[in-house]
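J.: Take this structure, written in structure tokens, and hold onto it; I'll ask about it next.
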Amino acid sequence: MSIRDDFMKKALDFKIEKELKGTLARVGVLKTPHGEIKTPSFVVVGTKGTVKSVLPESLEGNETQVVLANTYHLYLQPGDELVKEAGGLHKFMNWKGPLMTDSGGFQVFSLGVAYGKDLSKVVSITDPSLLIPERSSVLDGVPRLATIGNDGVSFRSHLDGSLHYITPEKSIEIQHNLGADIIFAFDECTSPTENTRYQEEALSRTHAWAKRSLKRHLDLEKEKERDFEKILSGDLNPDLETLPDILFEKSSPARTDGDERERGARLFQKEYPASLYPQALFGIVQGGRSEELRKKSAKAIAEMEIEGRGFDGFGIGGSFAKEDMSSAVFWVNQILPKEKPRHLLGIGEPEDLFMGIENGVDLFDCVGPTRVARNGCLFTKEGKINITNQKYKNDFSKVEQDCNCYTCKNYTKAYIAHLFRANEMLASTLASIHNTYFINKLVSDIRQSILDDKFFEFKKEFLERYNLKC
RNA sequence: GCGUCGGUACUCAAGUGGUCAACGAGGGCAGACUGUAAAUCUGCUGACCUUAGGUCUUCGGAAGUUCGAAUCUUCCCCGGCGCA
């Protein structure tokens with residue numbers, strides 16, 4: 001197999017190393033053009049091309065393997081064309097490891113039906129009055145910023161009120177300009193409060209959009225291949241000669257600890273323009289709370305292909321009721337092809353990670369660890385603590401005695417509490433570093449427990465201790 | 001000493017006869033946050049009673065006027081400024 005084949009055809013290479021008997025859990029390695037991801041893995045969220053308040057160097061020293069940015073936000077600001085001009089998002093944000101972008105599908109939900117309401121990714125569904133009988137663009141007097149049509153979604157920018165129309169094709173084009181290693185199909189994230197009739201309607205739309213996303217993606221990949229061919233065959237590409245150095249990936253990926261990872265990375269270290277890097281596309285499964293719809297969606301997305309090429313992996317989307325999240329994940333992962341990676345979108349409380357991994361999830365992303373950190377909430381093995389509580393004011397112990405993160409190695413609770421009270425920026429930074437480390441380490445420990453055949457012992461031990469203060 | 005402006009809860013600061021336990025901001029004390037509209041949001045912050053609500057004590061001090069006073073009157077205490 002030529003370098004070109006390796007480079008272009010294998011945007012993603014996923015190898016399962018071990019499966020946990022009696023469950024859907026597996027341990028694997030996911031190879032991307034910017035390095036490997038040992039799965040299961042947590043994905044740290046950096047919506048606007050930055051993990052808020054944290055330097056990329058800190059992430060690297062923090063067990064962070066992969067970062068997820070957002071299509072919609074970067075399209076609005078600074079614009080995907082500008083990011084492309086800058087040499088792609090990796091260069092632009094100085095993150096050398098694997099990178100993903102979300103498609104903007106979640107903003108269909110958060111700026112649409114959830115706008116101005118107390119509706120989030122995970123809700124408690126015990127109250128039937130939450131169900132939405134009728135839909136309109138204005139509910140309870142709050143106008144939405146996103147309105148869904150069959151062809152795409154109109155967004156009213158939350159930054160300046162300007163109107164934008166995002167279609168599946170547009171989302172993919174933006175994501176190709178951004179240049180993340182793994183990108184997502186444009187979908188409609190529905191609320192669990194929607195009725196079945198609406199879920200069905202939304203699902204068929206998501207499937208149609210998935211197909212259009214796939215089509216546009218494959219076309220754009222073909223264009224890259226043609227350009228690549230020209231370069232290799234020596235057909236002069238005058239543009240190439242004049243491209244600035246910064247457009248070429250020469251440095252090795254950030255994460256090169258371990259021979260295995262380095263070998264994987266080296267495969268992709270030739271001097272190719274960032275814009276020609278292959279990208280992998282994940283299709284997204286929806287279907288709300290319905291078993292029938294979830295399974296139908298998993299089947300449809302799994303089987304979807306154009307000229308023999310399908311999705312490189314899968315996202316499991318939708319807003320969940322906490323109570324039935326695990327069953328929804330189980331239904332879907334039973335059907336999705338085992339050999340491709342699965343990403344549970346937007347989920348990331350410690351207990352959810354155990355649940356997801358047990359039910360066959362390989363990747364999780366969640367704003368929780370970083371958002372909560374900025375608000376003074378820190379993860380510990382005994383549960384979350386609010387560092388601004390009075391009792392920590394003169395507590396000169398570490399957040400966690402045995403934690404190896406930069407924050408715990410160097411600072412006391414009293415100091416972090418002081419930074420929060422004094423409204424110092426470093427407060428967010430130190431808290432975010434600890435929380436991302438905590439979650440990364442937790443997933444890495446779960447991974448090891450599967451390799452050691454100790455998953456259930458570890459889960460029990462961890463959750464019992466964690467829930468003490470929950 | 002005379003004149004003048006002021007003294008309101010932890011702090012700053014509204015209020016100038018009843019709708020005032022007293023706007024607002026900060027601080028304090030808690031809580032929330034799951035593909036980031038988020039360094040955000042919510043609640044409490046005189047005392048007591050179990051929340052709705054109720055009772056009591058408060059606006060420098062004292063004494064008055066009034067059905068009713070943080071608000072009006074008198075005296076006193078304290079502070080700023082001006083003039084001596």
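In the structure tokens, chains take the letters A, B, ... in the order shown, each chain's residues start at 1, and ligands count up from 1 in the order shown.
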Restrict the calculation to only C-alpha atoms (C1' of nucleotides), then for each residue of stretch 16-82 of chain B with any atom at most 12 Å from an atom of stretch 343-352 of chain A give the closest atom pair and their distance in Å to one decimal, rows by chain and rising residue number, as JSON lines.

T.:
{"residue": "B:C33", "atom": "C1'", "partner": "A:Glu349", "partner_atom": "CA", "distance": 11.5}
{"residue": "B:U34", "atom": "C1'", "partner": "A:Ile347", "partner_atom": "CA", "distance": 5.0}
{"residue": "B:G35", "atom": "C1'", "partner": "A:Gly346", "partner_atom": "CA", "distance": 4.2}
{"residue": "B:U36", "atom": "C1'", "partner": "A:Gly346", "partner_atom": "CA", "distance": 10.4}

J.: Do a neighbour search on B:G18 at 12 Å with only C-alpha atoms (C1' of nucleotides), toss out local chain neighbours closer than 4 positions, and write the hits as a ChimeraX atom specification.

T.: /B:66-69,71

J.: Could those residues be written to a file, using N, CA and C atoms (P, O5', C5', C4', C3', O3' and C1' of nucleotides), as a short mmCIF file (atom, residue, chain, number, x, y, z; two decimals), in the first residue's frame?

T.:
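Written out: result.cif:
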data_model
loop_
_atom_site.label_atom_id
_atom_site.label_comp_id
_atom_site.auth_asym_id
_atom_site.auth_seq_id
_atom_site.Cartn_x
_atom_site.Cartn_y
_atom_site.Cartn_z
P U B 66 -51.25 65.28 67.96
"O5'" U B 66 -51.36 64.34 66.69
"C5'" U B 66 -51.73 64.88 65.42
"C4'" U B 66 -51.53 63.84 64.36
"C3'" U B 66 -52.21 62.50 64.63
"O3'" U B 66 -53.60 62.53 64.36
"C1'" U B 66 -50.01 62.15 63.82
P C B 67 -54.58 61.85 65.37
"O5'" C B 67 -54.35 60.29 65.11
"C5'" C B 67 -54.86 59.33 66.04
"C4'" C B 67 -54.71 57.94 65.46
"C3'" C B 67 -53.32 57.61 64.95
"O3'" C B 67 -52.49 57.14 65.99
"C1'" C B 67 -54.90 57.06 63.30
P G B 68 -51.03 57.73 66.08
"O5'" G B 68 -50.37 57.10 64.77
"C5'" G B 68 -50.11 55.69 64.70
"C4'" G B 68 -49.62 55.32 63.33
"C3'" G B 68 -48.33 56.00 62.89
"O3'" G B 68 -47.20 55.30 63.40
"C1'" G B 68 -49.92 56.12 61.15
P A B 69 -45.85 56.16 63.67
"O5'" A B 69 -45.40 56.62 62.19
"C5'" A B 69 -44.95 55.69 61.22
"C4'" A B 69 -43.63 56.15 60.64
"C3'" A B 69 -42.47 56.08 61.63
"O3'" A B 69 -41.28 55.81 60.91
"C1'" A B 69 -42.85 58.32 61.03
P U B 71 -38.16 59.70 60.60
"O5'" U B 71 -37.50 60.18 59.24
"C5'" U B 71 -37.60 61.51 58.79
"C4'" U B 71 -38.10 61.53 57.37
"C3'" U B 71 -39.24 62.50 57.14
"O3'" U B 71 -38.82 63.51 56.24
"C1'" U B 71 -39.65 60.37 56.12
#

J.: Once you count only C-alpha atoms (C1' of nucleotides), which residues of chain B turn out to be within 12 Å of chain A? Could you give them as an NGL selection string?

T.: :B and (27-42)

J.: Just the number, please: distance in Å from atom CA of A:Val443 to atom CA of A:Lys38, one decimal.

T.: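 These atoms are spaced 10.0 Å apart.
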
J.: Give me the residues near stretch 202-204 of chain A as number ranges by chain, where near means some atom within 10 Å (using only C-alpha atoms (C1' of nucleotides)) and where sequence neighbours in that chain fewer than 3 positions away do not count.

T.: A: 148, 150, 187-190, 194, 196-199, 207-210, 285-288, 293-294, 296-297, 300

J.: Save the residues we just selected, N, CA and C atoms, as a PDB file, in the first residue's frame?

T.:
ATOM      1  N   ILE A 148     -36.259  25.299  11.977  1.00  0.00           N
ATOM      2  CA  ILE A 148     -35.957  24.153  11.128  1.00  0.00           C
ATOM      3  C   ILE A 148     -36.835  24.111   9.882  1.00  0.00           C
ATOM      4  N   ASN A 150     -37.049  21.822   5.953  1.00  0.00           N
ATOM      5  CA  ASN A 150     -36.646  20.498   5.486  1.00  0.00           C
ATOM      6  C   ASN A 150     -35.281  20.504   4.813  1.00  0.00           C
ATOM      7  N   ASP A 187     -27.272  17.115  11.885  1.00  0.00           N
ATOM      8  CA  ASP A 187     -28.448  16.386  12.368  1.00  0.00           C
ATOM      9  C   ASP A 187     -29.368  17.324  13.119  1.00  0.00           C
ATOM     10  N   GLU A 188     -30.497  16.816  13.499  1.00  0.00           N
ATOM     11  CA  GLU A 188     -31.375  17.572  14.383  1.00  0.00           C
ATOM     12  C   GLU A 188     -31.403  16.898  15.737  1.00  0.00           C
ATOM     13  N   CYS A 189     -30.852  17.584  16.717  1.00  0.00           N
ATOM     14  CA  CYS A 189     -30.882  17.076  18.089  1.00  0.00           C
ATOM     15  C   CYS A 189     -32.253  17.414  18.651  1.00  0.00           C
ATOM     16  N   THR A 190     -33.046  16.399  18.937  1.00  0.00           N
ATOM     17  CA  THR A 190     -34.394  16.672  19.443  1.00  0.00           C
ATOM     18  C   THR A 190     -34.422  16.653  20.967  1.00  0.00           C
ATOM     19  N   GLU A 194     -40.314  16.067  23.164  1.00  0.00           N
ATOM     20  CA  GLU A 194     -41.110  16.027  21.930  1.00  0.00           C
ATOM     21  C   GLU A 194     -41.919  14.720  21.872  1.00  0.00           C
ATOM     22  N   THR A 196     -43.904  11.484  19.991  1.00  0.00           N
ATOM     23  CA  THR A 196     -43.409  10.480  19.048  1.00  0.00           C
ATOM     24  C   THR A 196     -43.578  10.896  17.599  1.00  0.00           C
ATOM     25  N   ARG A 197     -44.721  11.514  17.328  1.00  0.00           N
ATOM     26  CA  ARG A 197     -44.984  11.924  15.954  1.00  0.00           C
ATOM     27  C   ARG A 197     -43.886  12.880  15.466  1.00  0.00           C
ATOM     28  N   TYR A 198     -43.518  13.815  16.346  1.00  0.00           N
ATOM     29  CA  TYR A 198     -42.471  14.768  15.961  1.00  0.00           C
ATOM     30  C   TYR A 198     -41.113  14.078  15.859  1.00  0.00           C
ATOM     31  N   GLN A 199     -40.837  13.157  16.790  1.00  0.00           N
ATOM     32  CA  GLN A 199     -39.563  12.435  16.755  1.00  0.00           C
ATOM     33  C   GLN A 199     -39.389  11.706  15.426  1.00  0.00           C
ATOM     34  N   HIS A 207     -32.044  11.641   8.871  1.00  0.00           N
ATOM     35  CA  HIS A 207     -31.515  10.627   7.943  1.00  0.00           C
ATOM     36  C   HIS A 207     -31.260  11.223   6.556  1.00  0.00           C
ATOM     37  N   ALA A 208     -32.194  12.029   6.110  1.00  0.00           N
ATOM     38  CA  ALA A 208     -32.008  12.669   4.802  1.00  0.00           C
ATOM     39  C   ALA A 208     -30.780  13.581   4.842  1.00  0.00           C
ATOM     40  N   TRP A 209     -30.643  14.285   5.948  1.00  0.00           N
ATOM     41  CA  TRP A 209     -29.492  15.177   6.098  1.00  0.00           C
ATOM     42  C   TRP A 209     -28.183  14.385   6.194  1.00  0.00           C
ATOM     43  N   ALA A 210     -28.238  13.219   6.818  1.00  0.00           N
ATOM     44  CA  ALA A 210     -27.049  12.369   6.941  1.00  0.00           C
ATOM     45  C   ALA A 210     -26.560  11.970   5.544  1.00  0.00           C
ATOM     46  N   VAL A 285     -26.867   9.049  15.028  1.00  0.00           N
ATOM     47  CA  VAL A 285     -28.100   8.315  15.304  1.00  0.00           C
ATOM     48  C   VAL A 285     -28.976   9.156  16.233  1.00  0.00           C
ATOM     49  N   GLN A 286     -30.242   9.289  15.880  1.00  0.00           N
ATOM     50  CA  GLN A 286     -31.184   9.989  16.760  1.00  0.00           C
ATOM     51  C   GLN A 286     -32.327   9.021  17.113  1.00  0.00           C
ATOM     52  N   GLY A 287     -33.510   9.559  17.379  1.00  0.00           N
ATOM     53  CA  GLY A 287     -34.644   8.678  17.667  1.00  0.00           C
ATOM     54  C   GLY A 287     -35.280   8.877  19.026  1.00  0.00           C
ATOM     55  N   GLY A 288     -34.788   9.862  19.767  1.00  0.00           N
ATOM     56  CA  GLY A 288     -35.427  10.201  21.037  1.00  0.00           C
ATOM     57  C   GLY A 288     -35.448   9.057  22.028  1.00  0.00           C
ATOM     58  N   LEU A 293     -37.588   3.756  17.245  1.00  0.00           N
ATOM     59  CA  LEU A 293     -36.926   4.781  16.431  1.00  0.00           C
ATOM     60  C   LEU A 293     -35.406   4.734  16.569  1.00  0.00           C
ATOM     61  N   ARG A 294     -34.938   4.475  17.769  1.00  0.00           N
ATOM     62  CA  ARG A 294     -33.485   4.395  17.983  1.00  0.00           C
ATOM     63  C   ARG A 294     -32.887   3.277  17.130  1.00  0.00           C
ATOM     64  N   LYS A 296     -34.241   1.835  14.514  1.00  0.00           N
ATOM     65  CA  LYS A 296     -34.441   2.156  13.112  1.00  0.00           C
ATOM     66  C   LYS A 296     -33.333   3.102  12.637  1.00  0.00           C
ATOM     67  N   SER A 297     -33.015   4.072  13.481  1.00  0.00           N
ATOM     68  CA  SER A 297     -32.010   5.057  13.132  1.00  0.00           C
ATOM     69  C   SER A 297     -30.621   4.419  13.062  1.00  0.00           C
ATOM     70  N   ALA A 300     -30.371   2.487   9.873  1.00  0.00           N
ATOM     71  CA  ALA A 300     -30.319   3.353   8.697  1.00  0.00           C
ATOM     72  C   ALA A 300     -28.950   4.015   8.559  1.00  0.00           C
TER      73      ALA A 300
END

J.: Would you work out the distance separating atom CA of A:Ser397 from atom CA of A:Tyr411, expressed in Å to one decimal?

T.: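 It comes out at 8.4 Å.
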
J.: Could you list, as a list in words, every residue within 8 Å of stretch 456-459 of chain A, counting only C-alpha atoms (C1' of nucleotides) and ignoring same-chain residues fewer than 6 positions away?

T.: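 Neighbouring residues, sequence-local ones excluded: Phe354, Ile446 and Ser449 of chain A.
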
J.: Pick out the residues sitting within 12 Å of A:Asn177, and hand them over as a ChimeraX atom specification; count only C-alpha atoms (C1' of nucleotides), and ignore anything fewer than 2 positions along from it in its own chain.

T.: /A:71,74-75,79-90,92,101,170-175,179-181,183,217,220-221,224,274-279

J.: May I have the residues within 9 Å of B:G15 as a list in words, using only C-alpha atoms (C1' of nucleotides) and disregarding those fewer than 5 positions away in the same chain?

T.: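 Result of the neighbour search: C20, A22, C23, A70 and U71 of chain B.
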
J.: May I ask for the distance between atom CA of A:Glu339 and atom CA of A:Leu59, given in Å to one decimal place?

T.: 28.7 Å

J.: With only C-alpha atoms (C1' of nucleotides) as the counted atoms, please give the residues lying no more than 9 Å from A:Phe379, apart from itself and same-chain residues fewer than 6 positions off, as an MDAnalysis selection string.

T.: chainID A and resid 369 373 385 399:400 434:435 438:439

J.: Give the answer as one residue: which of B:G43, B:G17, B:G60, B:G26 has the shortest atom-to-atom distance to B:C78, using only C-alpha atoms (C1' of nucleotides)?

T.: B:G60

J.: Pull the strand (DSSP E or B) assignments for stretch 270-314 of chain A out of DSSP run on the backbone, and list those residues as a list in words.

T.: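 Secondary structure check on stretch 270-314 of chain A, strand (DSSP E or B): Pro273, Ala280, Leu281, Phe282, Gly283, Ile284, Val285, Glu305, Ile306, Arg309, Gly310, Gly313 and Phe314 of chain A.
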
J.: Print the selection's residues with C-alpha atoms to a file, as a tab-separated table (two decimals), in the first residue's frame.

T.:
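Final file, out-v5.tsv:
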chain	number	residue	atom	x	y	z
A	273	PRO	CA	-0.85	20.92	2.92
A	280	ALA	CA	-13.38	11.03	8.75
A	281	LEU	CA	-17.12	11.53	8.88
A	282	PHE	CA	-19.34	10.22	11.66
A	283	GLY	CA	-23.06	9.76	11.05
A	284	ILE	CA	-25.41	10.56	13.90
A	285	VAL	CA	-28.10	8.32	15.30
A	305	GLU	CA	-23.54	4.42	1.90
A	306	ILE	CA	-22.79	6.07	-1.39
A	309	ARG	CA	-18.57	4.20	1.11
A	310	GLY	CA	-20.36	4.79	4.37
A	313	GLY	CA	-17.91	6.03	12.73
A	314	PHE	CA	-21.05	7.02	14.55
